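Working notes, structure below.
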Amino acid sequence: MRITIDSERCVGAGQCVLSAPQVFDQDEDGIVTLLATPGPDEAAKVRIATALCPSGAITAHEG
């Protein structure tokens with residue numbers, strides 16, 4: 001799984017961090033940052049984080 005983040009779209013809601021804290025964090029401005037490439041055991045949490053992102057700033061690419 002590959003993750004794409006559009007930091008310009010991020011509104012700092014934090015749903016990604018709550019859903020997948022091993023993969024996502026927020027910087028001092030609340031903008032999403034990628035901590036690590038998700039492993040197979042984190043893929044479901046990343047899909048949830050992507051779906052919950054209110055601004056659509058996170059895209060998960062399967063494969």
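By order of appearance in the structure tokens: chains A, B, ..., then residues from 1 within every chain, and ligands from 1 in the order shown.
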
**Study point:** Residue contacts of Val46 in chain A (8 Å, only C-alpha atoms) excluding same-chain residues fewer than 6 positions away, as a VMD selection string
**Key:** chain A and resid 16 19 to 20 23 38 60

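Listed by chain and then by rising number, the residues of chain A that DSSP assigns to alpha helix (DSSP H) from the backbone are Gln15, Cys16, Val17, Leu18, Ser19, Ala43, Ala44, Lys45, Val46, Arg47, Ile48, Ala49, Thr50, Ala51 and Leu52 of chain A.
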
Practice item. Report the distance between CA of Asp41 in chain A and CA of Ser55 in chain A in Å, rounded to one decimal place. Key: 25.1 Å

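Interatomic distance, CA of Gln15 in chain A against CA of Ala49 in chain A: 6.2 Å.
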
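Taking only C-alpha atoms, the non-local environment of Thr4 in chain A within 8 Å (same-chain residues fewer than 5 positions away omitted) comprises A:Ile58, A:Thr59, A:Ala60, A:His61.
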
I want to know what sits within 9 Å of range 26-30 of chain A, based on only C-alpha atoms, with residues of the same chain fewer than 3 positions away left out; could you give that as a PDB file with C-alpha atoms, in the first residue's frame?
ATOM      1  CA  CYS A  10      -5.706  18.883   4.983  1.00  0.00           C
ATOM      2  CA  VAL A  11      -7.946  20.703   7.479  1.00  0.00           C
ATOM      3  CA  GLY A  12      -6.383  19.176  10.597  1.00  0.00           C
ATOM      4  CA  ALA A  13      -9.405  17.163  11.720  1.00  0.00           C
ATOM      5  CA  GLY A  14      -7.144  14.404  13.064  1.00  0.00           C
ATOM      6  CA  VAL A  17      -4.267   9.958  13.575  1.00  0.00           C
ATOM      7  CA  THR A  33       2.238  13.727   8.198  1.00  0.00           C
ATOM      8  CA  LEU A  34       3.161  10.184   7.260  1.00  0.00           C
TER       9      LEU A  34
END

**Study point:** Residues of chain A in strand (DSSP E), written as number ranges by chain
**Key:** A: 2-5, 24-26, 32-34, 58-61

Convert the current residue selection to file output with all heavy atoms, as a tab-separated table (two decimals), in the first residue's frame.
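Produced file selection_31.tsv, reproduced below:
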chain	number	residue	atom	x	y	z
A	2	ARG	N	0.55	2.16	-0.88
A	2	ARG	CA	1.26	3.44	-0.96
A	2	ARG	C	0.28	4.54	-0.57
A	2	ARG	O	-0.88	4.50	-0.95
A	2	ARG	CB	1.77	3.65	-2.38
A	2	ARG	CG	2.62	4.89	-2.56
A	2	ARG	CD	3.21	4.95	-3.96
A	2	ARG	NE	2.20	4.91	-5.01
A	2	ARG	CZ	1.60	5.98	-5.53
A	2	ARG	NH1	1.89	7.19	-5.09
A	2	ARG	NH2	0.72	5.84	-6.50
A	3	ILE	N	0.74	5.50	0.19
A	3	ILE	CA	-0.10	6.60	0.68
A	3	ILE	C	0.32	7.90	0.00
A	3	ILE	O	1.51	8.21	-0.07
A	3	ILE	CB	0.06	6.78	2.21
A	3	ILE	CG1	-0.21	5.48	2.94
A	3	ILE	CG2	-0.83	7.90	2.72
A	3	ILE	CD1	-1.59	4.95	2.83
A	4	THR	N	-0.67	8.66	-0.45
A	4	THR	CA	-0.44	9.99	-0.98
A	4	THR	C	-1.17	10.98	-0.08
A	4	THR	O	-2.34	10.77	0.26
A	4	THR	CB	-0.98	10.13	-2.42
A	4	THR	OG1	-0.37	9.14	-3.23
A	4	THR	CG2	-0.70	11.50	-2.98
A	5	ILE	N	-0.46	12.03	0.32
A	5	ILE	CA	-1.04	13.06	1.17
A	5	ILE	C	-1.00	14.39	0.45
A	5	ILE	O	0.05	14.80	-0.05
A	5	ILE	CB	-0.28	13.17	2.50
A	5	ILE	CG1	-0.43	11.88	3.29
A	5	ILE	CG2	-0.76	14.37	3.30
A	5	ILE	CD1	0.40	11.82	4.55
A	24	PHE	N	0.00	7.71	10.80
A	24	PHE	CA	-0.18	9.15	10.62
A	24	PHE	C	0.09	9.92	11.91
A	24	PHE	O	-0.14	9.43	13.01
A	24	PHE	CB	-1.61	9.45	10.18
A	24	PHE	CG	-2.00	8.78	8.89
A	24	PHE	CD1	-2.86	7.71	8.89
A	24	PHE	CD2	-1.49	9.22	7.68
A	24	PHE	CE1	-3.23	7.08	7.71
A	24	PHE	CE2	-1.85	8.60	6.49
A	24	PHE	CZ	-2.72	7.53	6.51
A	25	ASP	N	0.52	11.16	11.74
A	25	ASP	CA	0.66	12.11	12.84
A	25	ASP	C	0.29	13.48	12.29
A	25	ASP	O	-0.05	13.61	11.11
A	25	ASP	CB	2.10	12.11	13.36
A	25	ASP	CG	2.22	12.72	14.75
A	25	ASP	OD1	1.20	13.15	15.33
A	25	ASP	OD2	3.34	12.76	15.28
A	26	GLN	N	0.33	14.49	13.13
A	26	GLN	CA	0.07	15.86	12.71
A	26	GLN	C	1.24	16.73	13.11
A	26	GLN	O	1.81	16.54	14.20
A	26	GLN	CB	-1.21	16.39	13.35
A	26	GLN	CG	-2.47	15.71	12.84
A	26	GLN	CD	-3.69	16.18	13.59
A	26	GLN	OE1	-3.86	15.86	14.76
A	26	GLN	NE2	-4.55	16.93	12.92
A	32	VAL	N	-1.55	16.72	8.45
A	32	VAL	CA	-1.19	15.31	8.48
A	32	VAL	C	0.23	15.08	7.98
A	32	VAL	O	0.68	15.73	7.02
A	32	VAL	CB	-2.20	14.46	7.67
A	32	VAL	CG1	-2.22	14.84	6.21
A	32	VAL	CG2	-1.92	12.98	7.83
A	33	THR	N	0.93	14.17	8.64
A	33	THR	CA	2.24	13.73	8.20
A	33	THR	C	2.24	12.20	8.21
A	33	THR	O	1.52	11.58	8.98
A	33	THR	CB	3.37	14.24	9.12
A	33	THR	OG1	3.17	13.75	10.44
A	33	THR	CG2	3.43	15.75	9.12
A	34	LEU	N	3.05	11.63	7.36
A	34	LEU	CA	3.16	10.18	7.26
A	34	LEU	C	4.34	9.73	8.10
A	34	LEU	O	5.47	10.17	7.91
A	34	LEU	CB	3.36	9.78	5.80
A	34	LEU	CG	3.35	8.30	5.47
A	34	LEU	CD1	1.98	7.70	5.78
A	34	LEU	CD2	3.70	8.08	4.02
A	58	ILE	N	-6.03	12.38	2.04
A	58	ILE	CA	-5.27	11.13	2.06
A	58	ILE	C	-5.83	10.17	1.02
A	58	ILE	O	-7.04	9.95	0.96
A	58	ILE	CB	-5.35	10.46	3.44
A	58	ILE	CG1	-4.84	11.41	4.52
A	58	ILE	CG2	-4.58	9.15	3.47
A	58	ILE	CD1	-5.11	10.94	5.92
A	59	THR	N	-4.93	9.60	0.23
A	59	THR	CA	-5.31	8.60	-0.75
A	59	THR	C	-4.46	7.36	-0.52
A	59	THR	O	-3.24	7.46	-0.37
A	59	THR	CB	-5.09	9.11	-2.19
A	59	THR	OG1	-5.78	10.34	-2.37
A	59	THR	CG2	-5.59	8.09	-3.20
A	60	ALA	N	-5.10	6.21	-0.45
A	60	ALA	CA	-4.40	4.93	-0.30
A	60	ALA	C	-4.41	4.23	-1.64
A	60	ALA	O	-5.48	4.03	-2.24
A	60	ALA	CB	-5.06	4.08	0.76
A	61	HIS	N	-3.24	3.87	-2.12
A	61	HIS	CA	-3.09	3.17	-3.39
A	61	HIS	C	-2.76	1.72	-3.09
A	61	HIS	O	-1.72	1.43	-2.49
A	61	HIS	CB	-1.96	3.80	-4.22
A	61	HIS	CG	-2.12	5.28	-4.41
A	61	HIS	ND1	-2.88	5.82	-5.41
A	61	HIS	CD2	-1.64	6.31	-3.70
A	61	HIS	CE1	-2.84	7.14	-5.32
A	61	HIS	NE2	-2.08	7.46	-4.28

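CA of Thr37 in chain A is found 12.7 Å from CA of Gly63 in chain A.
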
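Residue nearest Met1 in chain A within the list A:Ala36, A:Ile31, A:Leu18, A:Cys53: A:Ala36 [criterion: smallest interatomic distance, only C-alpha atoms].
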
Point to revise | Using only C-alpha atoms: which of A:Glu8, A:Pro21, A:Gly39, A:Ala44 has the shortest distance to Gly56 in chain A | key: A:Glu8
